[in-house]
>>> print(open('structure-v3.txt').read())   # compact mmCIF, C-alpha atoms and all ligand atoms
# COMPACT_ATOMS: atom_id res chain seq x y z
CA MET A 1 -12.87 14.74 -12.30
CA ALA A 2 -14.89 13.73 -9.30
CA ARG A 3 -14.91 12.47 -5.78
CA VAL A 4 -15.83 8.88 -4.93
CA LEU A 5 -17.73 8.04 -1.78
CA LEU A 6 -18.35 4.58 -0.34
CA LYS A 7 -20.94 4.44 2.42
CA ASN A 8 -21.28 1.25 4.43
CA VAL A 9 -20.50 -0.82 1.37
CA THR A 10 -20.72 -4.58 1.81
CA LYS A 11 -20.30 -7.34 -0.74
CA MET A 12 -21.48 -10.86 -0.06
CA PHE A 13 -20.55 -13.81 -2.24
CA ASP A 14 -23.22 -16.25 -1.09
CA ASP A 15 -22.84 -16.03 2.69
CA VAL A 16 -19.22 -14.93 2.66
CA ALA A 17 -18.55 -11.21 3.07
CA ALA A 18 -15.69 -10.19 0.75
CA VAL A 19 -16.08 -6.51 1.65
CA LYS A 20 -17.47 -5.48 5.02
CA ASP A 21 -19.13 -2.19 5.77
CA VAL A 22 -16.50 -0.04 4.07
CA ASN A 23 -16.66 3.74 4.44
CA LEU A 24 -14.20 5.57 2.26
CA ALA A 25 -14.17 9.13 0.99
CA ILE A 26 -11.90 9.79 -1.97
CA LYS A 27 -11.61 13.46 -2.77
CA ASP A 28 -11.73 14.99 -6.20
CA LYS A 29 -8.26 14.72 -7.82
CA GLU A 30 -6.97 12.49 -5.06
CA PHE A 31 -4.70 9.49 -5.65
CA VAL A 32 -5.77 6.77 -3.21
CA VAL A 33 -4.15 3.37 -2.97
CA LEU A 34 -6.02 0.34 -1.65
CA VAL A 35 -3.52 -2.11 -0.24
CA GLY A 36 -3.78 -5.41 1.58
CA PRO A 37 -2.93 -9.09 1.32
CA SER A 38 -4.27 -11.38 -1.37
CA GLY A 39 -8.00 -12.02 -1.05
CA CYS A 40 -8.72 -9.06 1.24
CA GLY A 41 -11.29 -7.54 -1.14
CA LYS A 42 -9.35 -4.92 -3.12
CA THR A 43 -10.47 -5.99 -6.59
CA THR A 44 -14.03 -6.52 -5.41
CA THR A 45 -14.10 -2.96 -4.02
CA LEU A 46 -12.79 -1.56 -7.28
CA ARG A 47 -15.24 -3.59 -9.34
CA MET A 48 -18.12 -2.30 -7.23
CA ILE A 49 -17.02 1.28 -7.91
CA ALA A 50 -16.80 0.42 -11.60
CA GLY A 51 -20.25 -1.17 -11.54
CA LEU A 52 -18.93 -4.56 -12.63
CA GLU A 53 -19.99 -6.11 -9.34
CA GLU A 54 -23.31 -5.52 -7.64
CA ILE A 55 -23.30 -4.08 -4.13
CA SER A 56 -24.97 -6.19 -1.43
CA ARG A 57 -25.46 -3.26 0.95
CA GLY A 58 -24.49 0.40 1.09
CA GLU A 59 -24.13 3.27 -1.33
CA ILE A 60 -21.52 4.41 -3.81
CA TYR A 61 -21.38 7.97 -5.09
CA ILE A 62 -19.29 9.27 -7.98
CA GLY A 63 -19.35 13.03 -7.91
CA ASP A 64 -22.71 13.81 -6.34
CA ARG A 65 -24.50 11.00 -8.08
CA LEU A 66 -25.59 7.80 -6.36
CA VAL A 67 -24.42 5.16 -8.83
CA ASN A 68 -25.75 1.94 -7.25
CA GLU A 69 -28.13 1.45 -10.17
CA VAL A 70 -26.02 3.13 -12.86
CA PRO A 71 -24.54 0.68 -15.41
CA PRO A 72 -20.74 0.69 -15.81
CA LYS A 73 -20.73 2.46 -19.16
CA ASP A 74 -22.62 5.42 -17.72
CA ARG A 75 -20.39 5.89 -14.67
CA ASN A 76 -17.74 7.79 -16.57
CA ILE A 77 -14.90 5.76 -15.13
CA ALA A 78 -12.00 4.00 -16.81
CA MET A 79 -10.55 0.82 -15.42
CA VAL A 80 -7.02 -0.41 -16.04
CA PHE A 81 -6.58 -4.09 -15.28
CA GLN A 82 -3.57 -6.14 -14.34
CA SER A 83 -3.70 -8.03 -17.62
CA TYR A 84 -3.75 -5.31 -20.21
CA ALA A 85 -5.11 -7.44 -23.06
CA LEU A 86 -4.39 -5.21 -26.03
CA TYR A 87 -5.89 -6.18 -29.39
CA PRO A 88 -2.91 -7.94 -30.99
CA HIS A 89 -3.89 -7.19 -34.59
CA MET A 90 -4.44 -3.48 -33.99
CA LYS A 91 -1.76 -0.84 -34.01
CA VAL A 92 -1.14 1.17 -30.87
CA TYR A 93 -3.13 4.06 -32.32
CA ASP A 94 -6.16 1.87 -32.96
CA ASN A 95 -5.91 0.14 -29.62
CA MET A 96 -6.17 3.52 -27.98
CA ALA A 97 -8.85 4.78 -30.34
CA PHE A 98 -11.07 1.70 -30.17
CA GLY A 99 -13.23 2.64 -27.19
CA LEU A 100 -13.83 6.12 -28.56
CA LYS A 101 -14.83 4.71 -31.96
CA LEU A 102 -17.36 2.46 -30.26
CA ARG A 103 -18.76 5.51 -28.50
CA GLY A 104 -19.14 7.21 -31.87
CA GLU A 105 -16.72 10.07 -31.29
CA SER A 106 -15.70 11.99 -34.38
CA LYS A 107 -12.47 11.07 -36.18
CA LYS A 108 -11.02 14.46 -35.35
CA GLU A 109 -11.83 14.23 -31.65
CA ILE A 110 -10.40 10.70 -31.51
CA ASP A 111 -7.21 11.82 -33.22
CA THR A 112 -6.76 14.74 -30.83
CA ARG A 113 -7.27 12.60 -27.76
CA VAL A 114 -5.08 9.71 -28.91
CA ARG A 115 -2.21 12.03 -29.80
CA GLU A 116 -2.57 13.92 -26.56
CA ALA A 117 -2.49 10.70 -24.51
CA ALA A 118 0.43 9.35 -26.57
CA GLU A 119 2.34 12.53 -25.85
CA ILE A 120 1.72 12.27 -22.10
CA LEU A 121 2.81 8.64 -22.09
CA GLY A 122 5.79 9.00 -24.42
CA LEU A 123 4.15 6.75 -27.01
CA THR A 124 3.98 9.10 -29.98
CA VAL A 125 6.71 7.32 -31.91
CA TYR A 126 5.07 3.93 -31.35
CA LEU A 127 1.58 4.74 -32.61
CA ASP A 128 2.10 2.72 -35.80
CA ARG A 129 3.43 -0.38 -34.11
CA LEU A 130 1.62 -3.56 -33.17
CA PRO A 131 1.59 -4.59 -29.48
CA LYS A 132 3.99 -7.48 -30.15
CA GLN A 133 6.58 -4.93 -31.33
CA LEU A 134 6.55 -3.22 -27.92
CA SER A 135 8.23 -3.88 -24.58
CA GLY A 136 6.15 -4.78 -21.54
CA GLY A 137 6.36 -1.27 -20.16
CA GLN A 138 5.32 0.25 -23.47
CA ARG A 139 2.32 -2.10 -23.69
CA GLN A 140 1.37 -1.18 -20.17
CA ARG A 141 1.44 2.47 -21.18
CA VAL A 142 -0.85 1.72 -24.14
CA ALA A 143 -3.30 0.18 -21.68
CA LEU A 144 -3.11 3.36 -19.63
CA GLY A 145 -3.54 5.36 -22.82
CA ARG A 146 -6.79 3.57 -23.56
CA ALA A 147 -8.07 4.79 -20.21
CA ILE A 148 -6.72 8.32 -20.57
CA VAL A 149 -8.34 8.98 -23.97
CA ARG A 150 -11.74 8.42 -22.45
CA HIS A 151 -11.37 11.49 -20.21
CA PRO A 152 -13.07 9.67 -17.36
CA GLN A 153 -14.13 11.22 -14.08
CA VAL A 154 -12.26 8.54 -12.19
CA PHE A 155 -9.46 6.10 -13.00
CA LEU A 156 -9.68 2.70 -11.37
CA MET A 157 -6.45 0.72 -11.57
CA ASP A 158 -6.07 -2.87 -10.44
CA GLU A 159 -2.41 -3.82 -10.02
CA PRO A 160 -1.55 -2.31 -13.40
CA LEU A 161 2.20 -2.65 -12.92
CA SER A 162 2.45 -6.17 -11.59
CA ASN A 163 3.46 -7.67 -14.94
CA LEU A 164 6.49 -5.45 -15.21
CA ASP A 165 10.00 -6.14 -14.02
CA ALA A 166 11.29 -4.27 -10.99
CA LYS A 167 13.06 -1.51 -12.87
CA LEU A 168 10.16 -0.80 -15.20
CA ARG A 169 7.82 -0.69 -12.24
CA VAL A 170 9.90 2.04 -10.66
CA GLN A 171 9.82 4.00 -13.92
CA MET A 172 6.08 3.54 -14.30
CA ARG A 173 5.50 4.61 -10.71
CA ALA A 174 7.18 7.92 -11.46
CA GLN A 175 5.22 8.21 -14.68
CA LEU A 176 1.91 7.54 -12.96
CA GLN A 177 2.56 10.29 -10.45
CA ARG A 178 3.35 12.67 -13.27
CA ILE A 179 0.19 11.67 -15.14
CA HIS A 180 -1.84 12.15 -12.00
CA LYS A 181 -0.56 15.73 -11.70
CA GLN A 182 -0.94 16.47 -15.37
CA LEU A 183 -4.47 15.13 -15.73
CA GLU A 184 -5.58 16.28 -12.29
CA ALA A 185 -7.17 12.88 -12.08
CA THR A 186 -8.99 11.08 -9.32
CA ILE A 187 -7.27 7.71 -9.13
CA VAL A 188 -8.15 4.65 -7.09
CA TYR A 189 -5.25 2.25 -7.34
CA VAL A 190 -5.15 -1.30 -6.06
CA THR A 191 -1.95 -3.10 -5.13
CA HIS A 192 -0.70 -5.69 -2.68
CA ASP A 193 2.76 -4.18 -2.97
CA GLN A 194 3.44 -2.03 0.06
CA VAL A 195 6.21 -0.08 -1.67
CA GLU A 196 3.78 0.96 -4.40
CA ALA A 197 1.27 1.94 -1.75
CA MET A 198 3.81 4.07 0.11
CA THR A 199 5.24 5.80 -2.93
CA LEU A 200 2.21 6.37 -5.14
CA GLY A 201 -0.69 7.37 -2.98
CA GLN A 202 -1.60 10.64 -1.36
CA LYS A 203 -3.65 8.42 0.85
CA VAL A 204 -3.31 4.75 1.64
CA ALA A 205 -6.28 2.61 2.60
CA VAL A 206 -5.18 -0.63 4.25
CA ILE A 207 -7.63 -3.52 4.01
CA LEU A 208 -7.67 -6.85 5.84
CA ASN A 209 -10.37 -9.51 5.42
CA GLY A 210 -12.69 -7.07 3.67
CA GLU A 211 -12.41 -4.49 6.44
CA LEU A 212 -10.79 -1.11 6.20
CA GLN A 213 -8.07 -0.86 8.83
CA GLN A 214 -6.71 2.63 8.33
CA VAL A 215 -6.92 5.45 5.80
CA ASP A 216 -4.20 8.08 6.06
CA ALA A 217 -1.26 9.71 4.33
CA PRO A 218 1.43 7.09 3.61
CA LEU A 219 3.84 8.33 6.26
CA THR A 220 1.13 8.55 8.88
CA VAL A 221 0.15 4.95 8.22
CA TYR A 222 3.81 3.99 8.47
CA GLU A 223 4.67 5.94 11.57
CA ARG A 224 1.39 5.75 13.42
CA PRO A 225 -0.27 2.47 12.45
CA THR A 226 -3.64 2.06 14.16
CA ASN A 227 -3.14 -1.62 14.82
CA ARG A 228 -0.67 -4.44 14.75
CA PHE A 229 -1.70 -5.72 11.36
CA VAL A 230 -1.07 -2.35 9.66
CA ALA A 231 2.22 -2.02 11.54
CA GLY A 232 3.40 -5.40 10.29
CA PHE A 233 2.07 -5.07 6.76
CA LEU A 234 3.90 -1.90 5.77
CA GLY A 235 7.68 -1.98 5.97
CA SER A 236 10.31 -4.40 4.75
CA PRO A 237 11.77 -6.22 6.55
CA PRO A 238 8.68 -5.96 8.74
CA MET A 239 8.42 -4.52 12.24
CA ASN A 240 9.73 -6.72 15.06
CA PHE A 241 7.11 -7.72 17.62
CA PHE A 242 7.69 -9.01 21.13
CA LYS A 243 5.15 -10.10 23.70
CA GLY A 244 5.95 -9.04 27.22
CA GLN A 245 4.78 -7.32 30.38
CA VAL A 246 4.49 -3.73 31.47
CA ARG A 247 5.97 -3.16 34.93
CA LYS A 248 5.89 -0.06 37.11
CA LYS A 249 8.53 0.67 39.72
CA GLU A 250 9.01 3.93 41.59
CA GLY A 251 6.93 5.82 39.08
CA LYS A 252 8.87 4.47 36.12
CA TYR A 253 7.47 2.16 33.46
CA PHE A 254 9.36 -0.79 32.04
CA PHE A 255 8.76 -3.24 29.25
CA GLU A 256 10.00 -6.70 30.11
CA CYS A 257 10.15 -9.81 27.94
CA GLU A 258 12.19 -12.99 27.75
CA GLY A 259 15.03 -11.36 25.87
CA PHE A 260 15.35 -7.88 27.37
CA LYS A 261 13.95 -5.16 29.60
CA PHE A 262 14.03 -1.39 29.15
CA GLU A 263 12.56 1.73 30.67
CA VAL A 264 9.83 3.27 28.56
CA PRO A 265 10.55 6.98 27.95
CA ALA A 266 8.64 9.13 30.41
CA ASP A 267 6.86 11.22 27.75
CA VAL A 268 4.92 8.21 26.45
CA ALA A 269 4.96 5.89 29.48
CA GLY A 270 1.69 7.26 30.88
CA GLN A 271 -0.20 5.72 27.98
CA LEU A 272 0.74 2.31 29.40
CA ALA A 273 -0.81 3.10 32.80
CA SER A 274 -3.74 0.73 32.40
CA TYR A 275 -1.43 -2.07 31.22
CA VAL A 276 0.74 -2.39 34.32
CA ASP A 277 1.41 -6.09 35.05
CA ARG A 278 -0.49 -7.01 31.91
CA GLU A 279 0.68 -8.37 28.62
CA VAL A 280 1.34 -6.07 25.66
CA SER A 281 2.98 -6.41 22.25
CA PHE A 282 6.01 -4.23 21.77
CA GLY A 283 6.99 -3.29 18.22
CA ILE A 284 10.08 -1.69 16.70
CA ARG A 285 11.03 -1.37 13.03
CA PRO A 286 14.40 -2.71 11.81
CA GLU A 287 15.47 0.81 10.80
CA ASP A 288 14.97 1.97 14.37
CA ILE A 289 17.51 -0.59 15.57
CA TRP A 290 21.03 0.72 15.06
CA ASP A 291 24.60 -0.45 15.31
CA ILE A 292 26.42 1.23 18.18
CA PRO A 293 28.83 3.42 16.15
CA SER A 294 25.94 4.99 14.18
CA SER A 295 23.70 5.53 17.17
CA GLY A 296 25.45 8.50 18.77
CA TRP A 297 22.75 10.99 17.84
CA ILE A 298 19.89 9.03 19.44
CA ASP A 299 18.82 10.71 22.68
CA GLN A 300 16.55 7.97 24.07
CA LYS A 301 18.10 4.61 23.57
CA PHE A 302 18.43 1.11 24.88
CA LEU A 303 21.48 -1.03 24.27
CA ILE A 304 20.87 -4.71 23.72
CA GLU A 305 23.42 -7.51 23.47
CA THR A 306 22.67 -9.96 20.68
CA ARG A 307 24.20 -12.81 18.75
CA VAL A 308 24.28 -12.62 14.97
CA GLU A 309 22.46 -15.41 13.13
CA PHE A 310 22.93 -14.15 9.61
CA ARG A 311 22.98 -10.94 7.65
CA GLU A 312 22.01 -9.57 4.25
CA LEU A 313 24.46 -7.13 2.72
CA MET A 314 22.46 -4.73 0.59
CA GLY A 315 25.39 -2.51 -0.31
CA SER A 316 23.93 0.70 1.05
CA GLU A 317 22.91 -0.96 4.31
CA THR A 318 22.92 -4.33 6.04
CA PHE A 319 20.01 -6.26 7.50
CA VAL A 320 21.17 -8.15 10.51
CA TYR A 321 19.16 -11.08 11.89
CA VAL A 322 20.07 -11.67 15.53
CA LYS A 323 18.97 -13.44 18.68
CA ALA A 324 18.52 -11.67 22.00
CA GLY A 325 18.18 -14.55 24.43
CA PRO A 326 15.54 -16.76 22.83
CA LEU A 327 14.07 -13.91 20.75
CA ALA A 328 14.79 -13.26 17.10
CA LEU A 329 14.96 -9.72 15.79
CA THR A 330 16.00 -7.86 12.69
CA GLY A 331 17.97 -4.65 12.58
CA ARG A 332 18.98 -2.42 9.71
CA VAL A 333 22.50 -1.25 10.29
CA GLY A 334 25.08 0.72 8.36
CA ALA A 335 26.98 -0.96 5.52
CA MET A 336 30.17 -0.44 7.53
CA ALA A 337 28.93 -2.29 10.60
CA ASP A 338 29.91 -5.74 9.28
CA PRO A 339 28.21 -8.05 11.81
CA GLN A 340 29.79 -11.51 11.68
CA PRO A 341 27.50 -14.54 11.92
CA GLY A 342 28.02 -16.30 15.24
CA SER A 343 29.55 -13.27 16.95
CA LYS A 344 28.19 -11.02 19.66
CA PHE A 345 26.76 -7.77 18.39
CA GLY A 346 25.49 -4.76 20.31
CA LEU A 347 22.38 -3.07 18.94
CA VAL A 348 20.61 0.11 19.95
CA PHE A 349 16.85 0.64 20.05
CA ASN A 350 15.77 4.17 19.27
CA LEU A 351 13.16 4.51 21.99
CA ARG A 352 11.59 7.52 20.27
CA LYS A 353 10.26 5.10 17.67
CA ILE A 354 8.65 2.36 19.69
CA HIS A 355 5.13 0.98 19.39
CA PHE A 356 2.88 -0.91 21.77
CA PHE A 357 -0.23 -2.88 20.88
CA ASP A 358 -3.02 -4.32 22.95
CA PRO A 359 -2.67 -8.10 22.62
CA GLU A 360 -6.43 -8.65 22.56
CA THR A 361 -7.77 -5.87 20.35
CA GLN A 362 -4.46 -5.51 18.43
CA LYS A 363 -5.00 -1.75 18.58
CA ALA A 364 -2.07 0.60 18.95
CA ILE A 365 -1.53 1.90 22.48
CA ILE A 366 1.50 4.05 21.61
N1 LIG B 1 -17.10 -14.08 -7.99
C1 LIG B 1 -16.77 -14.49 -6.77
N2 LIG B 1 -17.46 -15.48 -6.15
C2 LIG B 1 -17.14 -15.88 -4.90
N3 LIG B 1 -16.13 -15.36 -4.18
C3 LIG B 1 -15.40 -14.39 -4.74
C4 LIG B 1 -15.67 -13.90 -6.06
N4 LIG B 1 -14.78 -12.92 -6.34
C5 LIG B 1 -13.98 -12.81 -5.25
N5 LIG B 1 -14.36 -13.68 -4.29
C6 LIG B 1 -13.75 -13.82 -2.94
O1 LIG B 1 -13.78 -12.56 -2.32
C7 LIG B 1 -12.59 -12.29 -1.61
C8 LIG B 1 -11.96 -11.01 -2.10
O2 LIG B 1 -11.49 -11.19 -3.42
P1 LIG B 1 -10.73 -10.04 -4.22
O3 LIG B 1 -10.54 -10.51 -5.60
O4 LIG B 1 -11.47 -8.76 -4.04
O5 LIG B 1 -9.36 -9.99 -3.45
P2 LIG B 1 -8.07 -9.10 -3.74
O6 LIG B 1 -7.83 -8.29 -2.51
O7 LIG B 1 -8.21 -8.36 -5.02
O8 LIG B 1 -6.91 -10.20 -3.84
P3 LIG B 1 -5.63 -10.28 -4.83
O9 LIG B 1 -4.56 -9.42 -4.20
O10 LIG B 1 -5.27 -11.73 -4.74
O11 LIG B 1 -6.05 -9.85 -6.19
C9 LIG B 1 -11.72 -13.53 -1.80
O12 LIG B 1 -11.84 -14.32 -0.68
C10 LIG B 1 -12.30 -14.19 -3.03
O13 LIG B 1 -12.11 -15.58 -2.97
MG MG B 2 -7.24 -8.49 -6.87
>>> encode(input="structure-v3.txt", output="structure tokens")
Amino acid sequence: MARVLLKNVTKMFDDVAAVKDVNLAIKDKEFVVLVGPSGCGKTTTLRMIAGLEEISRGEIYIGDRLVNEVPPKDRNIAMVFQSYALYPHMKVYDNMAFGLKLRGESKKEIDTRVREAAEILGLTVYLDRLPKQLSGGQRQRVALGRAIVRHPQVFLMDEPLSNLDAKLRVQMRAQLQRIHKQLEATIVYVTHDQVEAMTLGQKVAVILNGELQQVDAPLTVYERPTNRFVAGFLGSPPMNFFKGQVRKKEGKYFFECEGFKFEVPADVAGQLASYVDREVSFGIRPEDIWDIPSSGWIDQKFLIETRVEFRELMGSETFVYVKAGPLALTGRVGAMADPQPGSKFGLVFNLRKIHFFDPETQKAII
């Protein structure tokens, strides 16, 4: 396996930059997920690593080798695409063996590798079947098998699970993590699904408009987003944002907007010093907004009176969509809370979990 290094990589399509000056270091054996909205440049980045797309500027290294001029077949990578396009007339075994046959591997070597990959993927009993005799998840695993048998230095995966139904996706996520451990593989995985990004990667790289926004461990990205876009992109329902002013009175800092006003906890308030009497964006995630009965343990809190617009009963929890004055916000409350549409409902902000963003640069202040 090998590391992958992108240095100031840019891709222009005519005069439009699809990928802008990306610097990304993927360690040997690391599982990195590229995530971002449609059209942000994920596939283009992956295709440049694979050598399927020329680089306009910058350098890409696989292992210690600069691969800018190395053709795809000599990069020792395997790519798994969203559409897995198996050969319909070939049995599973032959689908997996095909690439190795083309490379002129011996029959014995091919057999060893195919059986080994089939074992890892739980496909051994299906080796004699045709693709049409398999379920979607099984076919997807064959596509993965085709990559595994090649013993590549790096796996590049472009939304490989997006054709599967929700339940199969969850199963395949678990399987991919297992495979990653077992093969000690370097994996670069592209998805626009933030749940996949959070659960699969050791590192998440968030991209917007061709620019890398943040590269960190999933929980770091979630808990300490570097800017407002990252904060809003990861998490469902998304973070609530409110524009308002920072005020300072008698040494205390307050955040004030049309719907509410609260004192910012002293341990973080200092970071707002240069924003006094200026506009900021305040952010809080739905799961950091509690119903009153469940909020007893919270040591820094703010109680807000709201009116319930509607709710979504999830069984294990309830999403409550409320208005505080003119402002709409979403809270995630206990399944027992039972907020009634149209009624008043008290909610509690956990002030240990608040975020502030600069309204101009969008960068995180706290
Ligand atoms: N061959 C091409 N010629 C011109 N523009 C292209 C080409 N390929 C991609 N683009 C543009 O580059 C940008 C990035 O595309 P890319 O396919 O990398 O996005 P993506 O992040 O993979 O999106 P999705 O989640 O929809 O797959 C888009 O604006 C797209 O229209
Ligand atoms: Mg894509």
>>> atom_distance(input="structure-v3.txt", atom1="atom CA of Leu6 of chain A", atom2="atom CA of Arg47 of chain A")
12.5 Å
>>> residues_around(input="structure-v3.txt", residues="segment 251-256 of chain A", least_positions_apart="3", cutoff="10 Å", atoms="only C-alpha atoms", output="PyMOL selection string")
chain A and resi 242-248+259-266+268-270+272-273+276-277+279-282+356
>>> write_last_selection(input="structure-v3.txt", atoms="C-alpha atoms", output="PDB file, in the coordinates of the input")
ATOM      1  CA  PHE A 242       7.690  -9.010  21.130  1.00  0.00           C
ATOM      2  CA  LYS A 243       5.150 -10.100  23.700  1.00  0.00           C
ATOM      3  CA  GLY A 244       5.950  -9.040  27.220  1.00  0.00           C
ATOM      4  CA  GLN A 245       4.780  -7.320  30.380  1.00  0.00           C
ATOM      5  CA  VAL A 246       4.490  -3.730  31.470  1.00  0.00           C
ATOM      6  CA  ARG A 247       5.970  -3.160  34.930  1.00  0.00           C
ATOM      7  CA  LYS A 248       5.890  -0.060  37.110  1.00  0.00           C
ATOM      8  CA  GLY A 259      15.030 -11.360  25.870  1.00  0.00           C
ATOM      9  CA  PHE A 260      15.350  -7.880  27.370  1.00  0.00           C
ATOM     10  CA  LYS A 261      13.950  -5.160  29.600  1.00  0.00           C
ATOM     11  CA  PHE A 262      14.030  -1.390  29.150  1.00  0.00           C
ATOM     12  CA  GLU A 263      12.560   1.730  30.670  1.00  0.00           C
ATOM     13  CA  VAL A 264       9.830   3.270  28.560  1.00  0.00           C
ATOM     14  CA  PRO A 265      10.550   6.980  27.950  1.00  0.00           C
ATOM     15  CA  ALA A 266       8.640   9.130  30.410  1.00  0.00           C
ATOM     16  CA  VAL A 268       4.920   8.210  26.450  1.00  0.00           C
ATOM     17  CA  ALA A 269       4.960   5.890  29.480  1.00  0.00           C
ATOM     18  CA  GLY A 270       1.690   7.260  30.880  1.00  0.00           C
ATOM     19  CA  LEU A 272       0.740   2.310  29.400  1.00  0.00           C
ATOM     20  CA  ALA A 273      -0.810   3.100  32.800  1.00  0.00           C
ATOM     21  CA  VAL A 276       0.740  -2.390  34.320  1.00  0.00           C
ATOM     22  CA  ASP A 277       1.410  -6.090  35.050  1.00  0.00           C
ATOM     23  CA  GLU A 279       0.680  -8.370  28.620  1.00  0.00           C
ATOM     24  CA  VAL A 280       1.340  -6.070  25.660  1.00  0.00           C
ATOM     25  CA  SER A 281       2.980  -6.410  22.250  1.00  0.00           C
ATOM     26  CA  PHE A 282       6.010  -4.230  21.770  1.00  0.00           C
ATOM     27  CA  PHE A 356       2.880  -0.910  21.770  1.00  0.00           C
TER      28      PHE A 356
END
>>> atom_distance(input="structure-v3.txt", atom1="atom CA of Asn350 of chain A", atom2="atom CA of Glu287 of chain A")
9.1 Å
>>> closest_residue(input="structure-v3.txt", among="A:Pro341, A:Gly210, A:Gly51, A:Gly201", to="ligand MG 2 (chain B)", atoms="all atoms listed in the file")
A:Gly210
>>> residues_near_ligand(input="structure-v3.txt", ligand="ligand LIG 1 (chain B)", cutoff="10 Å", atoms="all atoms listed in the file", output="ChimeraX atom specification")
/A:11-19,34-48,53,82,158-159,190-193,207-210
>>> write_last_selection(input="structure-v3.txt", atoms="C-alpha atoms", output="mmCIF file, in the frame of the given file")
data_model
loop_
_atom_site.group_PDB
_atom_site.id
_atom_site.type_symbol
_atom_site.label_atom_id
_atom_site.label_comp_id
_atom_site.auth_asym_id
_atom_site.auth_seq_id
_atom_site.Cartn_x
_atom_site.Cartn_y
_atom_site.Cartn_z
ATOM 1 C CA LYS A 11 -20.300 -7.340 -0.740
ATOM 2 C CA MET A 12 -21.480 -10.860 -0.060
ATOM 3 C CA PHE A 13 -20.550 -13.810 -2.240
ATOM 4 C CA ASP A 14 -23.220 -16.250 -1.090
ATOM 5 C CA ASP A 15 -22.840 -16.030 2.690
ATOM 6 C CA VAL A 16 -19.220 -14.930 2.660
ATOM 7 C CA ALA A 17 -18.550 -11.210 3.070
ATOM 8 C CA ALA A 18 -15.690 -10.190 0.750
ATOM 9 C CA VAL A 19 -16.080 -6.510 1.650
ATOM 10 C CA LEU A 34 -6.020 0.340 -1.650
ATOM 11 C CA VAL A 35 -3.520 -2.110 -0.240
ATOM 12 C CA GLY A 36 -3.780 -5.410 1.580
ATOM 13 C CA PRO A 37 -2.930 -9.090 1.320
ATOM 14 C CA SER A 38 -4.270 -11.380 -1.370
ATOM 15 C CA GLY A 39 -8.000 -12.020 -1.050
ATOM 16 C CA CYS A 40 -8.720 -9.060 1.240
ATOM 17 C CA GLY A 41 -11.290 -7.540 -1.140
ATOM 18 C CA LYS A 42 -9.350 -4.920 -3.120
ATOM 19 C CA THR A 43 -10.470 -5.990 -6.590
ATOM 20 C CA THR A 44 -14.030 -6.520 -5.410
ATOM 21 C CA THR A 45 -14.100 -2.960 -4.020
ATOM 22 C CA LEU A 46 -12.790 -1.560 -7.280
ATOM 23 C CA ARG A 47 -15.240 -3.590 -9.340
ATOM 24 C CA MET A 48 -18.120 -2.300 -7.230
ATOM 25 C CA GLU A 53 -19.990 -6.110 -9.340
ATOM 26 C CA GLN A 82 -3.570 -6.140 -14.340
ATOM 27 C CA ASP A 158 -6.070 -2.870 -10.440
ATOM 28 C CA GLU A 159 -2.410 -3.820 -10.020
ATOM 29 C CA VAL A 190 -5.150 -1.300 -6.060
ATOM 30 C CA THR A 191 -1.950 -3.100 -5.130
ATOM 31 C CA HIS A 192 -0.700 -5.690 -2.680
ATOM 32 C CA ASP A 193 2.760 -4.180 -2.970
ATOM 33 C CA ILE A 207 -7.630 -3.520 4.010
ATOM 34 C CA LEU A 208 -7.670 -6.850 5.840
ATOM 35 C CA ASN A 209 -10.370 -9.510 5.420
ATOM 36 C CA GLY A 210 -12.690 -7.070 3.670
#
>>> atom_distance(input="structure-v3.txt", atom1="atom CA of Thr220 of chain A", atom2="atom CA of Asp358 of chain A")
19.5 Å
>>> residues_around(input="structure-v3.txt", residues="Arg146 of chain A", least_positions_apart="2", cutoff="8 Å", atoms="all atoms listed in the file", output="ChimeraX atom specification")
/A:95-97,99,142-144,148-150
>>> closest_residue(input="structure-v3.txt", among="A:Val322, A:Ala335, A:Leu347, A:Met157", to="Phe31 of chain A", atoms="all atoms listed in the file")
A:Met157
